[in-house]
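data-v4.txt follows; it contains compact mmCIF, C-alpha atoms.
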```
# COMPACT_ATOMS: atom_id res chain seq x y z
CA MET Q 1 0.00 0.00 0.00
CA ALA Q 2 1.57 3.31 -1.10
CA GLY Q 3 0.39 5.25 1.94
CA LEU Q 4 2.50 3.10 4.26
CA ALA Q 5 5.69 3.29 2.19
CA GLN Q 6 7.49 5.83 4.38
CA PHE Q 7 7.40 3.62 7.47
CA ARG Q 8 7.87 -0.10 7.75
CA TRP Q 9 5.60 -1.47 10.47
CA THR Q 10 6.16 -4.63 12.46
CA SER Q 11 3.82 -5.85 15.17
CA ALA Q 12 2.78 -8.77 17.32
CA ALA Q 13 -0.26 -9.71 19.39
CA ARG Q 14 -0.81 -12.05 22.31
CA SER Q 15 -3.94 -12.83 24.33
CA HIS Q 16 -4.24 -15.10 27.37
CA VAL Q 17 -7.26 -16.17 29.40
CA GLY Q 18 -5.36 -15.51 32.63
CA LEU Q 19 -5.14 -17.68 35.73
CA ILE Q 20 -8.63 -17.12 37.18
CA ARG Q 21 -11.13 -16.76 34.34
CA GLU Q 22 -12.46 -19.71 32.37
CA VAL Q 23 -13.27 -17.81 29.16
CA ASN Q 24 -11.17 -15.29 27.29
CA GLU Q 25 -13.43 -12.31 26.56
CA ASP Q 26 -10.63 -10.33 24.89
CA ALA Q 27 -9.92 -10.15 21.17
CA CYS Q 28 -7.06 -8.60 19.16
CA LEU Q 29 -6.55 -7.30 15.64
CA ASP Q 30 -3.02 -7.23 14.22
CA ARG Q 31 -2.76 -5.97 10.62
CA PRO Q 32 0.60 -4.21 10.15
CA GLN Q 33 0.32 -4.44 6.36
CA SER Q 34 -2.80 -2.25 6.55
CA GLY Q 35 -1.76 -0.01 9.43
CA LEU Q 36 -4.62 -1.22 11.63
CA TRP Q 37 -4.54 -2.65 15.17
CA ALA Q 38 -7.11 -3.10 17.94
CA VAL Q 39 -7.74 -4.65 21.34
CA ALA Q 40 -11.30 -5.29 22.58
CA ASP Q 41 -12.38 -6.44 26.03
CA GLY Q 42 -15.86 -7.96 26.19
CA MET Q 43 -18.45 -7.36 28.91
CA GLY Q 44 -21.50 -9.30 29.95
CA GLY Q 45 -19.92 -12.50 31.15
CA HIS Q 46 -18.80 -15.69 29.42
CA SER Q 47 -20.42 -16.13 25.99
CA GLN Q 48 -21.78 -12.57 25.93
CA GLY Q 49 -18.41 -10.92 26.50
CA ASP Q 50 -16.66 -13.24 24.09
CA PHE Q 51 -19.34 -12.56 21.47
CA ALA Q 52 -19.02 -8.79 21.95
CA SER Q 53 -15.25 -8.50 21.62
CA ARG Q 54 -15.20 -10.87 18.67
CA ALA Q 55 -17.98 -8.91 16.93
CA VAL Q 56 -15.92 -5.72 17.33
CA VAL Q 57 -12.69 -7.20 15.99
CA ASP Q 58 -14.35 -9.14 13.15
CA SER Q 59 -16.07 -5.97 11.98
CA LEU Q 60 -12.84 -3.95 12.05
CA ASN Q 61 -11.00 -6.73 10.22
CA ARG Q 62 -13.29 -6.24 7.22
CA ILE Q 63 -12.12 -2.64 6.72
CA ALA Q 64 -10.19 -2.16 3.49
CA PRO Q 65 -7.05 -0.02 3.84
CA THR Q 66 -7.11 3.51 2.44
CA GLU Q 67 -4.50 6.11 1.50
CA HIS Q 68 -5.41 8.47 4.35
CA VAL Q 69 -5.72 8.10 8.12
CA ASP Q 70 -8.90 10.19 8.22
CA SER Q 71 -10.62 7.94 5.67
CA THR Q 72 -9.77 4.81 7.63
CA ILE Q 73 -10.80 6.38 10.93
CA SER Q 74 -14.17 7.30 9.40
CA ARG Q 75 -14.64 3.67 8.37
CA VAL Q 76 -13.67 2.52 11.88
CA ARG Q 77 -16.30 4.83 13.37
CA LEU Q 78 -19.00 3.52 11.05
CA ARG Q 79 -18.08 -0.09 11.84
CA LEU Q 80 -18.13 0.48 15.59
CA GLU Q 81 -21.46 2.31 15.41
CA ALA Q 82 -22.91 -0.65 13.52
CA VAL Q 83 -21.55 -3.10 16.11
CA ASN Q 84 -23.01 -0.89 18.84
CA ARG Q 85 -26.46 -1.39 17.33
CA GLN Q 86 -25.80 -5.10 16.80
CA LEU Q 87 -24.84 -5.70 20.43
CA ARG Q 88 -27.88 -3.85 21.74
CA GLU Q 89 -30.14 -5.91 19.50
CA GLU Q 90 -28.38 -9.12 20.57
CA ALA Q 91 -28.85 -8.26 24.24
CA ALA Q 92 -32.57 -7.81 23.66
CA LEU Q 93 -32.80 -11.13 21.81
CA ARG Q 94 -30.97 -12.96 24.59
CA ASP Q 95 -32.97 -11.14 27.25
CA VAL Q 96 -29.86 -9.93 29.07
CA SER Q 97 -29.21 -6.44 30.38
CA LEU Q 98 -25.88 -5.89 28.68
CA ILE Q 99 -23.59 -7.19 25.96
CA GLY Q 100 -20.73 -4.79 25.42
CA SER Q 101 -17.05 -4.33 24.76
CA THR Q 102 -14.33 -1.78 25.29
CA VAL Q 103 -12.04 -1.15 22.33
CA VAL Q 104 -8.92 0.78 21.43
CA VAL Q 105 -8.00 1.12 17.75
CA LEU Q 106 -4.79 2.43 16.18
CA VAL Q 107 -4.66 3.49 12.51
CA ALA Q 108 -1.41 4.49 10.77
CA CYS Q 109 -0.67 5.86 7.30
CA GLN Q 110 2.43 7.63 5.99
CA ASP Q 111 3.85 9.66 8.91
CA SER Q 112 0.67 10.06 10.94
CA CYS Q 113 -1.61 7.94 13.07
CA SER Q 114 -4.90 8.22 14.94
CA CYS Q 115 -6.51 6.24 17.71
CA LEU Q 116 -10.13 5.75 18.66
CA TRP Q 117 -11.22 4.29 21.96
CA VAL Q 118 -14.09 3.70 24.32
CA GLY Q 119 -13.81 2.13 27.78
CA ASP Q 120 -10.59 1.31 29.60
CA SER Q 121 -8.55 -0.54 27.00
CA ARG Q 122 -5.48 1.61 26.51
CA LEU Q 123 -2.89 2.87 24.05
CA TYR Q 124 0.64 3.77 25.12
CA LEU Q 125 3.47 5.36 23.14
CA PHE Q 126 7.10 4.42 23.81
CA ARG Q 127 9.35 7.10 22.31
CA ASN Q 128 12.97 7.97 23.08
CA GLY Q 129 13.00 5.69 26.09
CA ARG Q 130 9.86 7.17 27.66
CA LEU Q 131 6.39 5.65 27.98
CA LYS Q 132 3.29 7.84 27.69
CA GLN Q 133 -0.37 6.84 28.03
CA LEU Q 134 -2.24 8.36 25.08
CA THR Q 135 -5.78 7.33 26.02
CA ARG Q 136 -7.83 8.35 29.03
CA ASP Q 137 -9.97 5.63 30.62
CA HIS Q 138 -13.74 6.01 30.48
CA SER Q 139 -14.16 4.76 34.02
CA LEU Q 140 -15.63 5.82 37.34
CA ILE Q 141 -12.22 5.96 38.95
CA GLU Q 142 -10.87 8.25 36.20
CA GLU Q 143 -13.84 10.59 36.59
CA LEU Q 144 -13.26 10.78 40.34
CA ARG Q 145 -9.58 11.46 39.79
CA ALA Q 146 -10.33 14.19 37.23
CA ARG Q 147 -12.58 15.91 39.77
CA GLY Q 148 -9.88 15.70 42.41
CA GLU Q 149 -11.91 13.32 44.55
CA LEU Q 150 -9.50 10.39 44.38
CA PRO Q 151 -5.72 10.59 44.85
CA PRO Q 152 -3.82 8.53 42.23
CA GLU Q 153 -2.15 6.45 44.94
CA ASP Q 154 -5.58 5.20 46.06
CA SER Q 155 -6.56 3.92 42.61
CA VAL Q 156 -5.17 0.39 42.86
CA ASP Q 157 -7.27 -0.63 45.86
CA TYR Q 158 -10.38 1.42 45.05
CA PRO Q 159 -13.43 -0.91 45.17
CA SER Q 160 -14.97 0.38 41.90
CA ARG Q 161 -11.80 0.54 39.83
CA ASN Q 162 -13.26 -1.80 37.17
CA HIS Q 163 -16.48 0.20 36.66
CA ILE Q 164 -16.39 1.74 33.18
CA THR Q 165 -18.65 4.55 32.02
CA ARG Q 166 -18.64 3.93 28.25
CA ALA Q 167 -18.39 0.92 25.95
CA VAL Q 168 -19.61 -0.40 22.62
CA GLY Q 169 -23.15 -1.71 23.16
CA THR Q 170 -24.00 0.10 26.40
CA ALA Q 171 -25.85 3.15 25.05
CA GLU Q 172 -27.97 4.03 22.04
CA THR Q 173 -25.33 6.52 20.85
CA LEU Q 174 -21.70 5.43 20.80
CA ASP Q 175 -19.39 8.08 22.26
CA LEU Q 176 -15.83 7.55 20.99
CA ASP Q 177 -12.73 9.60 21.81
CA GLU Q 178 -10.05 10.27 19.20
CA GLN Q 179 -6.46 11.47 19.19
CA SER Q 180 -4.08 12.04 16.28
CA MET Q 181 -0.31 12.48 16.15
CA GLN Q 182 2.78 12.32 13.95
CA VAL Q 183 4.83 9.13 13.87
CA ASN Q 184 8.57 9.18 14.52
CA ASP Q 185 11.17 6.62 13.55
CA ASP Q 186 11.37 3.80 16.15
CA ASP Q 187 8.08 4.74 17.83
CA MET Q 188 6.46 1.78 19.57
CA PHE Q 189 2.77 1.58 20.39
CA LEU Q 190 1.23 -0.69 23.01
CA LEU Q 191 -2.49 -1.48 22.89
CA CYS Q 192 -3.79 -3.47 25.84
CA SER Q 193 -6.80 -4.58 27.84
CA ASP Q 194 -7.08 -3.72 31.52
CA GLY Q 195 -5.88 -7.22 32.32
CA LEU Q 196 -2.44 -5.87 31.52
CA SER Q 197 -2.67 -2.29 32.81
CA ASN Q 198 -4.09 -3.44 36.17
CA GLU Q 199 -1.24 -5.90 36.73
CA VAL Q 200 1.83 -4.39 35.06
CA SER Q 201 3.46 -1.09 36.02
CA GLU Q 202 4.50 1.51 33.44
CA GLN Q 203 8.11 0.91 34.38
CA GLU Q 204 7.71 -2.78 33.56
CA MET Q 205 5.99 -1.89 30.29
CA ALA Q 206 8.87 0.38 29.29
CA SER Q 207 11.43 -2.28 30.19
CA ALA Q 208 9.66 -4.79 27.92
CA LEU Q 209 9.53 -2.34 25.00
CA VAL Q 210 13.05 -0.94 25.21
CA MET Q 211 14.66 -3.66 23.05
CA GLY Q 212 12.37 -2.80 20.11
CA ASN Q 213 11.26 -6.38 19.40
CA CYS Q 214 7.47 -6.53 19.10
CA ARG Q 215 7.10 -10.30 19.52
CA GLN Q 216 9.45 -10.42 22.48
CA ALA Q 217 7.71 -7.46 24.12
CA ALA Q 218 4.22 -8.95 23.70
CA GLU Q 219 5.29 -12.28 25.17
CA SER Q 220 7.13 -10.62 28.06
CA LEU Q 221 4.24 -8.30 28.98
CA VAL Q 222 1.70 -11.10 29.17
CA ASP Q 223 4.12 -13.24 31.18
CA ILE Q 224 4.58 -10.40 33.68
CA ALA Q 225 0.81 -10.00 34.08
CA LEU Q 226 0.49 -13.73 34.75
CA LYS Q 227 3.32 -13.66 37.28
CA HIS Q 228 1.51 -10.84 39.07
CA GLY Q 229 -1.62 -12.95 39.46
CA GLY Q 230 -3.32 -13.04 36.05
CA ARG Q 231 -6.66 -12.18 37.62
CA ASP Q 232 -8.23 -11.15 34.31
CA ASN Q 233 -7.89 -11.93 30.62
CA VAL Q 234 -4.80 -10.14 29.35
CA SER Q 235 -4.25 -8.99 25.76
CA VAL Q 236 -1.57 -6.88 24.11
CA VAL Q 237 -0.68 -5.66 20.65
CA VAL Q 238 2.75 -4.09 20.14
CA ALA Q 239 3.50 -2.15 16.94
CA ARG Q 240 6.77 -0.49 15.87
CA ALA Q 241 7.37 2.10 13.16
CA GLU Q 242 10.68 2.08 11.32
CA ASP Q 243 11.75 4.66 8.75
CA PRO Q 244 14.16 2.78 6.43
CA TYR Q 245 15.40 6.10 5.03
CA SER Q 246 16.25 7.70 8.36
CA GLN Q 247 19.66 9.39 8.32
CA ASP Q 248 20.27 8.12 11.85
CA ARG Q 249 20.28 4.48 10.73
CA THR Q 250 23.52 2.57 10.40
CA VAL Q 251 23.98 1.26 6.85
CA LEU Q 252 26.15 -1.77 6.10
CA ASN Q 253 28.47 -1.24 3.14
CA PRO Q 254 29.67 -4.65 1.87
CA ALA Q 255 32.46 -3.03 -0.13
CA ALA Q 256 34.03 -1.35 2.88
```
Using structure tokens, write down the structure that the file contains.
Amino acid sequence: MAGLAQFRWTSAARSHVGLIREVNEDACLDRPQSGLWAVADGMGGHSQGDFASRAVVDSLNRIAPTEHVDSTISRVRLRLEAVNRQLREEAALRDVSLIGSTVVVLVACQDSCSCLWVGDSRLYLFRNGRLKQLTRDHSLIEELRARGELPPEDSVDYPSRNHITRAVGTAETLDLDEQSMQVNDDDMFLLCSDGLSNEVSEQEMASALVMGNCRQAAESLVDIALKHGGRDNVSVVVARAEDPYSQDRTVLNPAA
């Protein structure tokens, strides 16, 4: 695809049921050739949550790549709005109160990228040795923190830390947040479900990403979450941008 020619993308995904749950309600999308990645975390319990996250990822996987980030993001929005309606209809058919899913989506083209998200699945950027959270959780605990009613150090043990305020399938109108940015050479992006972010510190995330190997980082991050208890399904997608024409790259000259 011509729009991705400036950067060469590599990526890897891993999802694990964890050590407590019986069903994996997470789902991942890993399409580096199209500049499209996603992590979804289903809600509703067992078959409902699994159905929801899979419906989200399957719908996104049918998106054809475009030459512009904005065009692809528009298609992502339309797909997620359609899944929102689908999940609400499915909940009514099954006579259950809720079938929903969080999702975080990353789209890249040329030297720019955009992310869309709803819920508490996250996107992080690892750049120049520093990790930065790009998304803001749609959760009760985040709302309390934003109002100054909850100190950050109290977040880990707060009884309602898993209560989210938005998700695909939970309301008639889907309310998505979006952020766009320029891509730099050697940028690494980490998409994850809360099964990772609740178990693994940002320092541990950065340590796993520092070597620049997507597959190794994905494996290491999930292993750390499991070592810390694996109380939830845990899913990660790691993507790395490489500019093959960067002047900072070392070039091997066989004739030298």
Name all residues at most 7 Å from segment 105-109 of chain Q (count all atoms listed in the file; drop same-chain ones fewer than 5 positions away) and give them as a short mmCIF file (atom, residue, chain, number, x, y, z; two decimals) with C-alpha atoms, keeping the file's coordinate frame.
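The resulting out_26.cif:
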```
data_model
loop_
_atom_site.label_atom_id
_atom_site.label_comp_id
_atom_site.auth_asym_id
_atom_site.auth_seq_id
_atom_site.Cartn_x
_atom_site.Cartn_y
_atom_site.Cartn_z
CA GLY Q 3 0.39 5.25 1.94
CA LEU Q 4 2.50 3.10 4.26
CA GLY Q 35 -1.76 -0.01 9.43
CA LEU Q 36 -4.62 -1.22 11.63
CA TRP Q 37 -4.54 -2.65 15.17
CA ALA Q 38 -7.11 -3.10 17.94
CA VAL Q 39 -7.74 -4.65 21.34
CA GLU Q 67 -4.50 6.11 1.50
CA HIS Q 68 -5.41 8.47 4.35
CA VAL Q 69 -5.72 8.10 8.12
CA ILE Q 73 -10.80 6.38 10.93
CA SER Q 114 -4.90 8.22 14.94
CA CYS Q 115 -6.51 6.24 17.71
CA LEU Q 116 -10.13 5.75 18.66
CA TRP Q 117 -11.22 4.29 21.96
#
```
Counting only C-alpha atoms, the residue of Q:Ser59, Q:Gln110, Q:Gln86, Q:Asn128 that sits nearest Asp243 of chain Q:
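Comparing Q:Ser59, Q:Gln110, Q:Gln86, Q:Asn128 against Asp243 of chain Q, the winner is Q:Gln110.
Atom pair atom CA of Ser97 of chain Q / atom CA of Thr135 of chain Q: separated by 27.5 Å.
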Kindly give the distance, in Å, that separates atom CA of Ser53 of chain Q and atom CA of Arg145 of chain Q, rounded to a single decimal.
27.6 Å
Give me, as JSON lines, each residue of segment 24-56 of chain Q that comes within 8 Å of segment 192-209 of chain Q, together with its shortest interatomic pair and the distance in Å at one decimal, counting all atoms listed in the file, with rows ordered by chain and rising residue number.
```
{"residue": "Q:Asp26", "atom": "CA", "partner": "Q:Ser193", "partner_atom": "CA", "distance": 7.5}
{"residue": "Q:Val39", "atom": "CA", "partner": "Q:Cys192", "partner_atom": "CA", "distance": 6.1}
{"residue": "Q:Ala40", "atom": "CA", "partner": "Q:Ser193", "partner_atom": "CA", "distance": 7.0}
{"residue": "Q:Asp41", "atom": "CA", "partner": "Q:Ser193", "partner_atom": "CA", "distance": 6.2}
```
Which polymer residues, whether protein, DNA or RNA, lie within 12 Å of the coordinate (2.4, -13.7, 35.0) when you count all atoms listed in the file? List them as a PyMOL selection string, using the chain letters and numbers from the file.
chain Q and resi 16-20+195-196+199-200+219-234
Need the neighbours of (-12.3, 0.6, 26.0): which residues are at most 6 Å away, counting only C-alpha atoms, as a count of residues only?
8
Between Q:Glu242, Q:Glu25, Q:Asp111, Q:Glu172, which is the closest to Asn84 of chain Q once you count only C-alpha atoms?
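With only C-alpha atoms as the atom set, the closest residue is Q:Glu172.
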Between Q:Ala146, Q:Cys113, Q:Ala167, Q:Ala13, which is the closest to Ala241 of chain Q once you count all atoms listed in the file?
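Closest to Ala241 of chain Q of all the choices is Q:Cys113.
Taking atom CA of Ser235 of chain Q as the reference point, atom CA of Ala52 of chain Q is found at 15.3 Å.
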Export N, CA, C and O atoms of segment 192-206 of chain Q from the structure just given, as a tab-separated table (two decimals), in the first residue's frame?
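Printed below is decode.tsv as written:
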```
chain	number	residue	atom	x	y	z
Q	192	CYS	N	-3.59	-2.42	24.85
Q	192	CYS	CA	-3.79	-3.47	25.84
Q	192	CYS	C	-5.15	-3.39	26.50
Q	192	CYS	O	-5.78	-2.33	26.55
Q	193	SER	N	-5.60	-4.53	27.00
Q	193	SER	CA	-6.80	-4.58	27.84
Q	193	SER	C	-6.40	-4.27	29.28
Q	193	SER	O	-5.21	-4.24	29.62
Q	194	ASP	N	-7.40	-4.07	30.14
Q	194	ASP	CA	-7.08	-3.72	31.52
Q	194	ASP	C	-6.49	-4.89	32.29
Q	194	ASP	O	-5.95	-4.71	33.38
Q	195	GLY	N	-6.55	-6.09	31.71
Q	195	GLY	CA	-5.88	-7.22	32.32
Q	195	GLY	C	-4.37	-7.03	32.37
Q	195	GLY	O	-3.69	-7.62	33.22
Q	196	LEU	N	-3.85	-6.21	31.46
Q	196	LEU	CA	-2.44	-5.87	31.52
Q	196	LEU	C	-2.20	-4.64	32.39
Q	196	LEU	O	-1.38	-4.66	33.29
Q	197	SER	N	-2.94	-3.55	32.11
Q	197	SER	CA	-2.67	-2.29	32.81
Q	197	SER	C	-2.95	-2.36	34.30
Q	197	SER	O	-2.37	-1.60	35.09
Q	198	ASN	N	-3.83	-3.28	34.74
Q	198	ASN	CA	-4.09	-3.44	36.17
Q	198	ASN	C	-3.02	-4.25	36.88
Q	198	ASN	O	-2.93	-4.22	38.11
Q	199	GLU	N	-2.22	-5.00	36.12
Q	199	GLU	CA	-1.24	-5.90	36.73
Q	199	GLU	C	0.21	-5.46	36.53
Q	199	GLU	O	1.09	-5.83	37.30
Q	200	VAL	N	0.47	-4.70	35.47
Q	200	VAL	CA	1.83	-4.39	35.06
Q	200	VAL	C	2.08	-2.89	35.18
Q	200	VAL	O	1.30	-2.09	34.66
Q	201	SER	N	3.15	-2.50	35.83
Q	201	SER	CA	3.46	-1.09	36.02
Q	201	SER	C	4.01	-0.48	34.72
Q	201	SER	O	4.47	-1.20	33.82
Q	202	GLU	N	3.97	0.85	34.63
Q	202	GLU	CA	4.50	1.51	33.44
Q	202	GLU	C	6.00	1.30	33.32
Q	202	GLU	O	6.54	1.22	32.21
Q	203	GLN	N	6.69	1.20	34.42
Q	203	GLN	CA	8.11	0.91	34.38
Q	203	GLN	C	8.38	-0.47	33.77
Q	203	GLN	O	9.30	-0.64	32.97
Q	204	GLU	N	7.55	-1.45	34.13
Q	204	GLU	CA	7.71	-2.78	33.56
Q	204	GLU	C	7.35	-2.78	32.08
Q	204	GLU	O	7.97	-3.49	31.27
Q	205	MET	N	6.34	-2.00	31.70
Q	205	MET	CA	5.99	-1.89	30.29
Q	205	MET	C	7.17	-1.33	29.49
Q	205	MET	O	7.54	-1.85	28.43
Q	206	ALA	N	7.75	-0.25	29.99
Q	206	ALA	CA	8.87	0.38	29.29
Q	206	ALA	C	10.05	-0.58	29.17
Q	206	ALA	O	10.70	-0.64	28.12
```
